[in-house]
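Chemist: First, the structure itself, so that you have it in front of you.
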Amino acid sequence: MTNKPLTEQSSAYDDLEKMSVKELLININNEDKKVPYSVEKAIPQIEPLVQQIVERFERGGRLFYIGAGTSGRLGVLDASECPPTYGVPDDWVIGLIAGGDGALRKAVEDAEDDWGQAWRDLEKYHINNNDVLIGIAASGGTPYVLGGLEDANKNGVLTGCITCNYHTEIAEVAKYPIEAVVGSEFVTGSTRMKSGTAQKLVLNMISTSLMIKLGRVQGNKMVDMQLTNKKLIKRGTAMIVNELGIDDKLAKELLLDKGSVRKAIEYYRSKK
C-alpha cells in the first residue's frame with residue numbers, strides 16, 4: 001500500500017521507450033478514454049458550484065481561477081477565451097498563474113511554493129465577497145493555491161477547487177470541491193496529461209454553463225462573439241441568414257454595422 005496521491009503513483013505501463021509509435025499512441029488514447037467518465041462522476045460536485053457562481057454574477061460578481069504550472073495555464077486559457085467567445089468584459093473571468101504571465105511560457109522557480117502570493121495577486125483586482133475563486137491543482141496540495149483559498153475564505157469570497165486526487169488539502173479548504181480523479185498518468189506523474197485534460201473539461205463545463213445561464217447564448221449560437229477575423233464574420237453572417245432568412249449581403253452589412261449577431265438580429269426585427 002502506498003500513501004502517494006493517485007496522480008503520483010506509478011504508471012500502469014512500463015518500458016515505454018520500447019513501445020512502437022503506434023503502441024504509444026494506442027496506450028495514451030486508452031488512458032485518455034477514462035477521463036470523461038471521471039468528470040461525469042464529478043457532475044454532482046460541479047452543479048452546485050456553477051449555481052453559486054451564476055447567483056454571484058447576477059449581483060455583480062466575478063470568477064477567478066488560480067493555479068500553478070499546467071493548472072494555472074488552463075485557468076488562464078479558459079478565462080481568456082470568454083471575452084471573444086461570449087462578448088463579455090475582460091474582467092468577468094480572470095485567470096492567475098503562480099509566477100505571473102511569464103510563467104505561461106516558462107516555469108518560474110519556486111513560484112508555486114509561495115503561500116501568500118495568490119492573495120497578493122488577487123488583491124490587485126479588488127476581489128470581494130461578491131466574487132468566486134476556484135483553485136486548480138491536480139495534486140491538491142499546491143501552496144500558492146492553498147494559501148489563496150484560505151485567504152479567500154477569511155475574506156468572505158466563495159471558494160471552489162478542481163483537483164484530481166481524493167481527500168486533498170484544497171478540497172478540505174474549498175467550500176465547493178470538485179474531484180475529477182483520473183488515476184495514474186501514462187508517464188508517471190505527468191499531470192499535464194489525463195489530469196490536465198480532466199481539468200480542461202471541467203473548466204469548459206463551468207464557464208460555458210455560466211455564460212449560457214447569463215444569456216450570452218441564444219438557441220445554440222454565440223450571438224455575442226467578437227468579430228475578430230474573417231472566419232468569425234462569416235460564421236456570424238450565416239447565423240443571421242439562418243435566423244432571419246435574408247441574403248448574405250444584407251446579413252453581413254447588418255453584422256458589421258451593429259457589431260454582433262444579437263444586435264444585428266434585434267435591429268432588423270425592430271424595423272419590421
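Each chain in the C-alpha cells gets a letter, A, B, ..., in the order shown, and its residues are numbered from 1; ligands are numbered from 1 in order too.
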Using DSSP on the backbone coordinates, identify all residues within stretch 198-237 of chain A classified as alpha helix (DSSP H); present the result as a ChimeraX atom specification.

Modeler: /A:198-213,230-237

Chemist: Skip A:Leu122 itself and residues of its chain fewer than 5 positions away, then list as a list of chain:residue names all residues within 12 Å of it, counting only C-alpha atoms.

Modeler: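 After dropping sequence-adjacent residues, the list is A:Arg62, A:Leu63, A:Phe64, A:Tyr65, A:Ile66, A:Ile94, A:Gly95, A:Leu96, A:Ile97, A:Ala98, A:Gly100, A:Gly116, A:Gln117, A:Ile127, A:Asn128, A:Asp131, A:Val132, A:Leu133, A:Ile134, A:Tyr144, A:Val145, A:Gly147, A:Gly148, A:Leu149, A:Asp151, A:Ala152, A:Asn155, A:Val157.
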
Chemist: Rounded to one decimal place, report the atom CA of A:Ala180-atom CA of A:Glu81 distance in Å.

Modeler: 22.4 Å

Chemist: Using only C-alpha atoms, which residues sit within 10 Å of A:Arg56 once same-chain residues fewer than 3 positions away are excluded, as a list in words?

Modeler: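 Using only C-alpha atoms, the neighbours found are Val50, Gln51, Gln52, Ile53, Arg59, Gly60, Gly61, Arg62, Leu63, Asn129, Asn130, Asp131, Val132 and Leu158 of chain A.
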
Chemist: Restricting the output to N, CA and C atoms, write the selected residues as a PDB file, in the first residue's frame.

Modeler:
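Writing the result to out26.pdb gives the following:
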```
ATOM      1  N   VAL A  50     -21.547  25.835  -9.950  1.00  0.00           N
ATOM      2  CA  VAL A  50     -21.996  26.687 -11.060  1.00  0.00           C
ATOM      3  C   VAL A  50     -23.210  27.505 -10.641  1.00  0.00           C
ATOM      4  N   GLN A  51     -24.140  26.900  -9.927  1.00  0.00           N
ATOM      5  CA  GLN A  51     -25.318  27.628  -9.467  1.00  0.00           C
ATOM      6  C   GLN A  51     -24.929  28.803  -8.573  1.00  0.00           C
ATOM      7  N   GLN A  52     -23.954  28.587  -7.717  1.00  0.00           N
ATOM      8  CA  GLN A  52     -23.481  29.662  -6.846  1.00  0.00           C
ATOM      9  C   GLN A  52     -22.799  30.771  -7.651  1.00  0.00           C
ATOM     10  N   ILE A  53     -22.031  30.381  -8.670  1.00  0.00           N
ATOM     11  CA  ILE A  53     -21.351  31.381  -9.497  1.00  0.00           C
ATOM     12  C   ILE A  53     -22.374  32.245 -10.233  1.00  0.00           C
ATOM     13  N   ARG A  59     -25.404  39.515  -9.170  1.00  0.00           N
ATOM     14  CA  ARG A  59     -25.294  40.691  -8.306  1.00  0.00           C
ATOM     15  C   ARG A  59     -23.931  41.382  -8.460  1.00  0.00           C
ATOM     16  N   GLY A  60     -23.317  41.196  -9.637  1.00  0.00           N
ATOM     17  CA  GLY A  60     -22.107  41.939  -9.976  1.00  0.00           C
ATOM     18  C   GLY A  60     -20.797  41.254  -9.675  1.00  0.00           C
ATOM     19  N   GLY A  61     -20.830  39.966  -9.340  1.00  0.00           N
ATOM     20  CA  GLY A  61     -19.613  39.251  -9.004  1.00  0.00           C
ATOM     21  C   GLY A  61     -18.806  38.838 -10.218  1.00  0.00           C
ATOM     22  N   ARG A  62     -17.627  38.290  -9.932  1.00  0.00           N
ATOM     23  CA  ARG A  62     -16.715  37.812 -10.975  1.00  0.00           C
ATOM     24  C   ARG A  62     -16.208  36.427 -10.602  1.00  0.00           C
ATOM     25  N   LEU A  63     -15.540  35.786 -11.560  1.00  0.00           N
ATOM     26  CA  LEU A  63     -14.960  34.465 -11.344  1.00  0.00           C
ATOM     27  C   LEU A  63     -13.451  34.542 -11.524  1.00  0.00           C
ATOM     28  N   ASN A 129     -16.465  39.959  -1.626  1.00  0.00           N
ATOM     29  CA  ASN A 129     -17.353  38.859  -1.274  1.00  0.00           C
ATOM     30  C   ASN A 129     -18.498  38.627  -2.258  1.00  0.00           C
ATOM     31  N   ASN A 130     -18.535  39.367  -3.363  1.00  0.00           N
ATOM     32  CA  ASN A 130     -19.448  39.026  -4.453  1.00  0.00           C
ATOM     33  C   ASN A 130     -18.806  38.045  -5.436  1.00  0.00           C
ATOM     34  N   ASP A 131     -17.498  37.850  -5.301  1.00  0.00           N
ATOM     35  CA  ASP A 131     -16.723  37.079  -6.275  1.00  0.00           C
ATOM     36  C   ASP A 131     -16.598  35.609  -5.880  1.00  0.00           C
ATOM     37  N   VAL A 132     -16.121  34.812  -6.837  1.00  0.00           N
ATOM     38  CA  VAL A 132     -15.876  33.383  -6.617  1.00  0.00           C
ATOM     39  C   VAL A 132     -14.435  33.076  -7.021  1.00  0.00           C
ATOM     40  N   LEU A 158     -16.451  33.290  -1.962  1.00  0.00           N
ATOM     41  CA  LEU A 158     -16.854  31.895  -2.161  1.00  0.00           C
ATOM     42  C   LEU A 158     -15.733  31.135  -2.850  1.00  0.00           C
TER      43      LEU A 158
END
```

Chemist: Looking only at the backbone, which of the residues in stretch 67-269 of chain A does DSSP tag as strand (DSSP E), as JSON, numbers by chain?

Modeler: {"A": [67, 93, 94, 95, 96, 97, 132, 133, 134, 135, 136, 158, 159, 160, 161, 162, 163, 176, 177, 178, 179]}

Chemist: In Å, with one decimal, what is the gap from atom CA of A:Tyr268 to atom CA of A:Gly215?

Modeler: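 Value for the atom CA of A:Tyr268-atom CA of A:Gly215 distance: 19.8 Å.
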
Chemist: Show which residues sit within 10 Å of stretch 26-36 of chain A, as a ChimeraX atom specification. Count only C-alpha atoms, and ignore same-chain residues fewer than 2 positions away.

Modeler: /A:12-13,16,19-24,38-42,180-187,193-199,201-202

Chemist: Residues as selected, N, CA and C atoms, written as a short mmCIF file (atom, residue, chain, number, x, y, z; two decimals), in the first residue's frame, can you do that?

Modeler:
```
data_model
loop_
_atom_site.label_atom_id
_atom_site.label_comp_id
_atom_site.auth_asym_id
_atom_site.auth_seq_id
_atom_site.Cartn_x
_atom_site.Cartn_y
_atom_site.Cartn_z
N ALA A 12 0.52 2.53 -15.15
CA ALA A 12 0.12 1.13 -15.38
C ALA A 12 0.93 0.49 -16.50
N TYR A 13 1.76 1.29 -17.16
CA TYR A 13 2.59 0.82 -18.28
C TYR A 13 4.05 0.98 -17.90
N LEU A 16 8.24 2.17 -21.58
CA LEU A 16 7.60 2.99 -22.63
C LEU A 16 8.52 3.18 -23.82
N MET A 19 8.21 0.72 -26.68
CA MET A 19 6.98 0.64 -27.47
C MET A 19 7.17 1.30 -28.83
N SER A 20 6.46 0.79 -29.82
CA SER A 20 6.44 1.45 -31.13
C SER A 20 5.60 2.72 -31.02
N VAL A 21 5.71 3.57 -32.02
CA VAL A 21 4.90 4.79 -32.02
C VAL A 21 3.41 4.43 -31.95
N LYS A 22 3.00 3.44 -32.72
CA LYS A 22 1.59 3.05 -32.71
C LYS A 22 1.16 2.56 -31.34
N GLU A 23 2.01 1.77 -30.69
CA GLU A 23 1.68 1.29 -29.35
C GLU A 23 1.55 2.44 -28.37
N LEU A 24 2.47 3.39 -28.46
CA LEU A 24 2.39 4.56 -27.59
C LEU A 24 1.08 5.31 -27.78
N SER A 38 -14.49 10.02 -15.50
CA SER A 38 -14.13 10.60 -14.20
C SER A 38 -14.81 11.95 -14.01
N VAL A 39 -14.87 12.72 -15.07
CA VAL A 39 -15.54 14.03 -14.99
C VAL A 39 -17.04 13.84 -14.77
N GLU A 40 -17.62 12.85 -15.43
CA GLU A 40 -19.05 12.58 -15.25
C GLU A 40 -19.38 12.32 -13.78
N LYS A 41 -18.53 11.58 -13.11
CA LYS A 41 -18.76 11.29 -11.69
C LYS A 41 -18.72 12.55 -10.84
N ALA A 42 -18.06 13.59 -11.33
CA ALA A 42 -17.92 14.83 -10.57
C ALA A 42 -19.06 15.82 -10.82
N ALA A 180 -12.02 15.35 -9.86
CA ALA A 180 -12.05 14.58 -11.12
C ALA A 180 -10.85 13.64 -11.10
N VAL A 181 -11.03 12.46 -10.57
CA VAL A 181 -9.93 11.55 -10.26
C VAL A 181 -9.71 10.59 -11.43
N VAL A 182 -8.60 10.77 -12.11
CA VAL A 182 -8.34 10.01 -13.34
C VAL A 182 -7.30 8.90 -13.16
N GLY A 183 -6.72 8.79 -11.98
CA GLY A 183 -5.73 7.74 -11.73
C GLY A 183 -4.33 8.11 -12.18
N SER A 184 -3.45 7.13 -12.18
CA SER A 184 -2.05 7.39 -12.53
C SER A 184 -1.92 7.79 -13.99
N GLU A 185 -0.88 8.55 -14.29
CA GLU A 185 -0.65 9.04 -15.64
C GLU A 185 0.13 8.02 -16.47
N PHE A 186 0.01 8.12 -17.78
CA PHE A 186 0.74 7.22 -18.69
C PHE A 186 2.24 7.35 -18.46
N VAL A 187 2.72 8.59 -18.38
CA VAL A 187 4.09 8.86 -17.92
C VAL A 187 3.96 9.25 -16.46
N MET A 193 -1.16 15.49 -18.62
CA MET A 193 -1.85 14.53 -19.50
C MET A 193 -3.30 14.34 -19.04
N LYS A 194 -3.65 13.21 -18.44
CA LYS A 194 -5.05 12.97 -18.08
C LYS A 194 -5.59 14.01 -17.10
N SER A 195 -4.80 14.37 -16.11
CA SER A 195 -5.26 15.34 -15.13
C SER A 195 -5.56 16.68 -15.79
N GLY A 196 -4.64 17.11 -16.66
CA GLY A 196 -4.85 18.37 -17.37
C GLY A 196 -6.08 18.32 -18.25
N THR A 197 -6.30 17.18 -18.91
CA THR A 197 -7.48 17.03 -19.75
C THR A 197 -8.75 17.10 -18.92
N ALA A 198 -8.75 16.44 -17.78
CA ALA A 198 -9.92 16.48 -16.89
C ALA A 198 -10.20 17.90 -16.42
N GLN A 199 -9.15 18.62 -16.04
CA GLN A 199 -9.34 20.00 -15.58
C GLN A 199 -9.91 20.86 -16.70
N LEU A 201 -11.80 19.91 -19.21
CA LEU A 201 -13.20 19.56 -19.40
C LEU A 201 -14.09 20.21 -18.33
N VAL A 202 -13.63 20.19 -17.09
CA VAL A 202 -14.41 20.80 -16.01
C VAL A 202 -14.51 22.31 -16.21
#
```

Chemist: Counting only C-alpha atoms, which residue out of A:Ala137, A:Met225, A:Ile265, A:Ala118 sits closest to A:Met211?

Modeler: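 With only C-alpha atoms as the atom set, the closest residue is A:Met225.
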
Chemist: A:Thr85, A:Leu77, A:Leu104, A:Leu244: which is nearest A:Lys221, counting only C-alpha atoms?

Modeler: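 Among A:Thr85, A:Leu77, A:Leu104, A:Leu244, it is A:Thr85 that comes nearest to A:Lys221.
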
Chemist: Which neighbours of A:Ile46 fall inside 9 Å, counting only C-alpha atoms, when residues of the same chain fewer than 6 positions from it are skipped, and could you give them as a tab-separated table (two decimals) with N, CA and C atoms, in the first residue's frame?

Modeler:
```tsv
chain	number	residue	atom	x	y	z
A	176	TYR	N	-16.63	24.43	-2.16
A	176	TYR	CA	-17.23	23.59	-3.20
A	176	TYR	C	-16.12	22.85	-3.96
A	177	PRO	N	-15.65	21.73	-3.41
A	177	PRO	CA	-14.57	20.99	-4.07
A	177	PRO	C	-15.08	20.13	-5.22
A	178	ILE	N	-14.28	20.05	-6.27
A	178	ILE	CA	-14.55	19.17	-7.40
A	178	ILE	C	-13.37	18.21	-7.53
A	202	VAL	N	-13.63	20.19	-17.09
A	202	VAL	CA	-14.41	20.80	-16.01
A	202	VAL	C	-14.51	22.31	-16.21
A	205	MET	N	-17.01	23.13	-18.78
A	205	MET	CA	-18.37	22.97	-18.27
A	205	MET	C	-18.77	24.17	-17.41
A	206	ILE	N	-17.87	24.61	-16.56
A	206	ILE	CA	-18.18	25.72	-15.66
A	206	ILE	C	-18.44	27.01	-16.44
```

Chemist: Would you please work out which residue, of A:Asp224, A:Asp257, A:Asp14, A:Glu47, is nearest to A:Pro89 when using only C-alpha atoms?

Modeler: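 Looking only at the distances to A:Pro89, the closest residue turns out to be A:Asp224.
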
Chemist: Pick out the residues sitting within 12 Å of A:Ala107, and hand them over as a ChimeraX atom specification; count only C-alpha atoms, and ignore anything fewer than 4 positions along from it in its own chain.

Modeler: /A:68-70,72-73,97-103,111-112

Chemist: For A:Gly236, find every residue with an atom within 10 Å (counting only C-alpha atoms), except residues of its own chain fewer than 5 positions away, and show them as a VMD selection string.

Modeler: chain A and resid 221 to 227 230 to 231 241 to 242 251 to 252 255 to 256 259 to 262 264

Chemist: Those residues you just picked out, can you put them in a file as a short mmCIF file (atom, residue, chain, number, x, y, z; two decimals), in the first residue's frame with C-alpha atoms?

Modeler:
```cif
data_model
loop_
_atom_site.label_atom_id
_atom_site.label_comp_id
_atom_site.auth_asym_id
_atom_site.auth_seq_id
_atom_site.Cartn_x
_atom_site.Cartn_y
_atom_site.Cartn_z
CA LYS A 221 -25.36 30.20 -31.05
CA MET A 222 -22.60 32.51 -29.78
CA VAL A 223 -24.61 35.64 -30.59
CA ASP A 224 -22.24 38.00 -28.75
CA MET A 225 -18.92 36.68 -30.09
CA GLN A 226 -16.30 39.26 -31.04
CA LEU A 227 -15.79 39.67 -34.79
CA LYS A 230 -12.91 36.73 -41.39
CA LYS A 231 -13.93 33.27 -40.17
CA VAL A 241 -29.10 34.41 -42.57
CA ASN A 242 -30.42 31.30 -40.82
CA ALA A 251 -26.75 39.94 -43.27
CA LYS A 252 -23.07 40.84 -43.45
CA LEU A 255 -23.42 42.37 -38.72
CA LEU A 256 -20.56 44.76 -39.46
CA GLY A 259 -21.09 44.68 -34.26
CA SER A 260 -22.71 41.45 -33.10
CA VAL A 261 -25.18 38.82 -34.22
CA ARG A 262 -27.53 39.67 -31.37
CA ALA A 264 -27.99 42.81 -35.88
#
```

Chemist: As an exercise, work out the distance from atom CA of A:Arg235 to atom CA of A:Lys200 in Å and give it to one decimal place.

Modeler: 25.0 Å

Chemist: When distances are computed from only C-alpha atoms, which of A:Asp110, A:Gly87, A:Leu146, A:Ile162 shows the smallest separation from A:Lys263?

Modeler: A:Gly87
